[in-house]
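Listing of final_15.pdb, PDB, C-alpha atoms and all ligand atoms
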ATOM      1  CA  MET A   1     125.587 108.667 125.334  1.00  0.00           C
ATOM      2  CA  LEU A   2     122.598 110.811 126.236  1.00  0.00           C
ATOM      3  CA  ASP A   3     122.759 112.414 122.796  1.00  0.00           C
ATOM      4  CA  LEU A   4     122.558 108.976 121.128  1.00  0.00           C
ATOM      5  CA  LEU A   5     119.626 107.964 123.314  1.00  0.00           C
ATOM      6  CA  LEU A   6     117.835 111.200 122.507  1.00  0.00           C
ATOM      7  CA  ARG A   7     118.362 110.650 118.781  1.00  0.00           C
ATOM      8  CA  GLN A   8     117.009 107.108 119.034  1.00  0.00           C
ATOM      9  CA  ILE A   9     113.939 108.328 120.872  1.00  0.00           C
ATOM     10  CA  ILE A  10     113.332 110.983 118.209  1.00  0.00           C
ATOM     11  CA  VAL A  11     113.792 108.477 115.363  1.00  0.00           C
ATOM     12  CA  PHE A  12     111.481 105.868 116.914  1.00  0.00           C
ATOM     13  CA  SER A  13     108.892 108.510 117.797  1.00  0.00           C
ATOM     14  CA  SER A  14     108.969 109.794 114.222  1.00  0.00           C
ATOM     15  CA  ILE A  15     108.573 106.294 112.792  1.00  0.00           C
ATOM     16  CA  PHE A  16     105.704 105.580 115.168  1.00  0.00           C
ATOM     17  CA  PHE A  17     104.013 108.870 114.216  1.00  0.00           C
ATOM     18  CA  VAL A  18     104.316 108.203 110.461  1.00  0.00           C
ATOM     19  CA  VAL A  19     102.971 104.646 110.840  1.00  0.00           C
ATOM     20  CA  PHE A  20     100.118 105.910 113.014  1.00  0.00           C
ATOM     21  CA  VAL A  21      99.142 108.658 110.526  1.00  0.00           C
ATOM     22  CA  PHE A  22      99.364 106.195 107.616  1.00  0.00           C
ATOM     23  CA  TYR A  23      97.161 103.710 109.479  1.00  0.00           C
ATOM     24  CA  ARG A  24      94.575 106.381 110.313  1.00  0.00           C
ATOM     25  CA  ILE A  25      94.426 107.544 106.690  1.00  0.00           C
ATOM     26  CA  MET A  26      94.207 104.012 105.279  1.00  0.00           C
ATOM     27  CA  SER A  27      91.535 102.892 107.765  1.00  0.00           C
ATOM     28  CA  ALA A  28      89.292 105.964 107.327  1.00  0.00           C
ATOM     29  CA  PRO A  29      86.953 104.352 104.732  1.00  0.00           C
ATOM     30  CA  GLN A  30      86.523 101.270 106.926  1.00  0.00           C
ATOM     31  CA  ARG A  31      85.781 103.418 109.977  1.00  0.00           C
ATOM     32  CA  ARG A  32      83.286 105.464 107.936  1.00  0.00           C
ATOM     33  CA  TRP A  33      81.554 102.272 106.748  1.00  0.00           C
ATOM     34  CA  MET A  34      81.466 100.806 110.256  1.00  0.00           C
ATOM     35  CA  SER A  35      79.927 104.004 111.635  1.00  0.00           C
ATOM     36  CA  TYR A  36      76.625 103.083 109.951  1.00  0.00           C
ATOM     37  CA  PRO A  37      74.368 100.383 111.422  1.00  0.00           C
ATOM     38  CA  THR A  38      73.680  97.170 109.543  1.00  0.00           C
ATOM     39  CA  LEU A  39      70.210  96.791 108.061  1.00  0.00           C
ATOM     40  CA  GLU A  40      69.124  94.610 110.995  1.00  0.00           C
ATOM     41  CA  GLU A  41      70.436  97.193 113.465  1.00  0.00           C
ATOM     42  CA  TYR A  42      68.728  99.973 111.490  1.00  0.00           C
ATOM     43  CA  TRP A  43      65.423  98.108 111.626  1.00  0.00           C
ATOM     44  CA  LYS A  44      65.887  97.460 115.342  1.00  0.00           C
ATOM     45  CA  GLN A  45      66.608 101.159 115.986  1.00  0.00           C
ATOM     46  CA  ASN A  46      63.743 102.284 113.722  1.00  0.00           C
ATOM     47  CA  PRO A  47      61.035  99.600 113.733  1.00  0.00           C
ATOM     48  CA  THR A  48      58.605 101.715 111.694  1.00  0.00           C
ATOM     49  CA  CYS A  49      61.108 101.856 108.822  1.00  0.00           C
ATOM     50  CA  LYS A  50      60.685  98.159 108.059  1.00  0.00           C
ATOM     51  CA  THR A  51      57.710  97.940 105.715  1.00  0.00           C
ATOM     52  CA  ALA A  52      56.181  95.285 103.514  1.00  0.00           C
ATOM     53  CA  ARG A  53      57.665  97.069 100.485  1.00  0.00           C
ATOM     54  CA  GLY A  54      61.163  97.290 101.962  1.00  0.00           C
ATOM     55  CA  THR A  55      62.969  99.892 104.030  1.00  0.00           C
ATOM     56  CA  LYS A  56      62.164 103.566 104.359  1.00  0.00           C
ATOM     57  CA  CYS A  57      64.085 106.565 105.604  1.00  0.00           C
ATOM     58  CA  HIS A  58      63.908 107.330 109.321  1.00  0.00           C
ATOM     59  CA  TYR A  59      64.138 111.079 108.706  1.00  0.00           C
ATOM     60  CA  CYS A  60      61.675 111.781 105.876  1.00  0.00           C
ATOM     61  CA  HIS A  61      59.936 108.381 105.518  1.00  0.00           C
ATOM     62  CA  SER A  62      60.809 108.121 101.839  1.00  0.00           C
ATOM     63  CA  GLY A  63      61.150 104.643 100.389  1.00  0.00           C
ATOM     64  CA  HIS A  64      63.651 105.708  97.734  1.00  0.00           C
ATOM     65  CA  ILE A  65      67.057 104.527  98.890  1.00  0.00           C
ATOM     66  CA  ARG A  66      70.240 104.450  96.852  1.00  0.00           C
ATOM     67  CA  GLN A  67      73.597 102.921  97.676  1.00  0.00           C
ATOM     68  CA  PHE A  68      77.238 103.736  97.041  1.00  0.00           C
ATOM     69  CA  GLY A  69      80.527 101.953  97.575  1.00  0.00           C
ATOM     70  CA  VAL A  70      82.603 103.478 100.362  1.00  0.00           C
ATOM     71  CA  THR A  71      85.654 104.252  98.207  1.00  0.00           C
ATOM     72  CA  ASP A  72      84.253 103.786  94.693  1.00  0.00           C
ATOM     73  CA  ASN A  73      81.456 102.022  92.836  1.00  0.00           C
ATOM     74  CA  ARG A  74      83.271  98.650  92.850  1.00  0.00           C
ATOM     75  CA  ASP A  75      83.669  98.631  96.629  1.00  0.00           C
ATOM     76  CA  ASN A  76      81.574  95.852  98.208  1.00  0.00           C
ATOM     77  CA  ARG A  77      81.209  97.913 101.384  1.00  0.00           C
ATOM     78  CA  ARG A  78      77.963  99.727 100.571  1.00  0.00           C
ATOM     79  CA  ILE A  79      76.353 102.667 102.356  1.00  0.00           C
ATOM     80  CA  HIS A  80      72.649 103.222 101.730  1.00  0.00           C
ATOM     81  CA  PHE A  81      71.407 106.795 101.521  1.00  0.00           C
ATOM     82  CA  CYS A  82      67.931 108.269 101.326  1.00  0.00           C
ATOM     83  CA  ASN A  83      67.350 109.560  97.809  1.00  0.00           C
ATOM     84  CA  GLN A  84      65.007 112.254  99.128  1.00  0.00           C
ATOM     85  CA  CYS A  85      66.876 113.870 102.053  1.00  0.00           C
ATOM     86  CA  ASN A  86      70.360 112.416 101.445  1.00  0.00           C
ATOM     87  CA  HIS A  87      70.820 111.048 104.981  1.00  0.00           C
ATOM     88  CA  GLY A  88      73.081 108.020 105.384  1.00  0.00           C
ATOM     89  CA  LEU A  89      70.923 105.198 106.730  1.00  0.00           C
ATOM     90  CA  TYR A  90      72.707 101.850 106.978  1.00  0.00           C
ATOM     91  CA  ARG A  91      75.504  99.699 105.555  1.00  0.00           C
ATOM     92  CA  SER A  92      75.642  96.377 103.791  1.00  0.00           C
TER      93      SER A  92
HETATM   94 ZN    ZN A 101      65.068 110.687 103.876  1.00  0.00          ZN
END
Is it possible to express this structure as structure tokens?
Ligand SMILES: [Zn+2]
Amino acid sequence: MLDLLLRQIIVFSSIFFVVFVFYRIMSAPQRRWMSYPTLEEYWKQNPTCKTARGTKCHYCHSGHIRQFGVTDNRDNRRIHFCNQCNHGLYRS
């Protein structure tokens, strides 16, 4: 009886562990995207970066910003990086 209970605990723990690891791996791009502020939050955190010509980098003050999809170029979750110093700035 105890042996059966122990086996069930091991099986359920293993299933839980596999599901948890799978979830963490699959949600990594979303968590990475969410780790960046939105443009409004970026402007609020760095008021001097909002200019009449657009947005500039908080680190090097460059106005050249490029964007990438989180997983690939077709991904609508975009992260904007400074083209000069390569810092991640905000998401859209
Ligand atoms: Zn920069």
Practice item. Write out as a list in words the residues lying within 9 Å of A:Val70, counting all atoms listed in the file and excluding same-chain residues fewer than 6 positions away. Key: Pro29, Gln30, Arg32, Trp33, Asn76, Arg77, Arg78 and Ile79 of chain A
Review point. Which residue gives the smallest distance to ligand ZN 101 (chain A) among A:Lys44, A:Lys50, A:Arg91, A:Arg66, with all atoms listed in the file counted?
Key: A:Arg66
**Study point:** Sphere at (62.9, 109.2, 111.8), radius 9 Å, counting all atoms listed in the file: residues as a list of chain:residue names
**Key:** A:Asn46, A:Thr48, A:Cys49, A:Cys57, A:His58, A:Tyr59, A:Cys60, A:His61
Review point. Do you know which residues are within 10 Å of ligand ZN 101 (chain A) using only C-alpha atoms and all ligand atoms? Can you write them as a list in words?
Key: Lys56, Cys57, His58, Tyr59, Cys60, His61, Ser62, Gly63, His64, Ile65, Phe81, Cys82, Asn83, Gln84, Cys85, Asn86, His87, Gly88 and Leu89 of chain A
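Between atom CA of A:Thr38 and atom CA of A:Phe20 the separation is 28.1 Å.
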So that all listed atoms of stretch 52-62 of chain A fit with 4 Å spare on each side, what axis-aligned box centre and edge lengths in Å, to one decimal, would you give as lines of an AutoDock Vina configuration file?
center_x = 60.2
center_y = 103.5
center_z = 104.9
size_x = 16.0
size_y = 24.5
size_z = 16.8
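Between atom CA of A:Arg31 and atom CA of A:Ser14 there is a distance of 24.4 Å.
Taking atom CA of A:Thr71 and atom CA of A:Thr55 as endpoints, the distance between them is 23.8 Å.
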Revision key, fill the gap. Min atom-atom distance to A:Phe68 from the set A:Gln45, A:Ile10, A:Ser92, A:Met34, counting only C-alpha atoms, belongs to A:Ser92
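With distances taken over only C-alpha atoms, A:Gly54 is the one residue among A:Gly54, A:Ser27, A:Met1, A:Val18 lying closest to A:Leu39.
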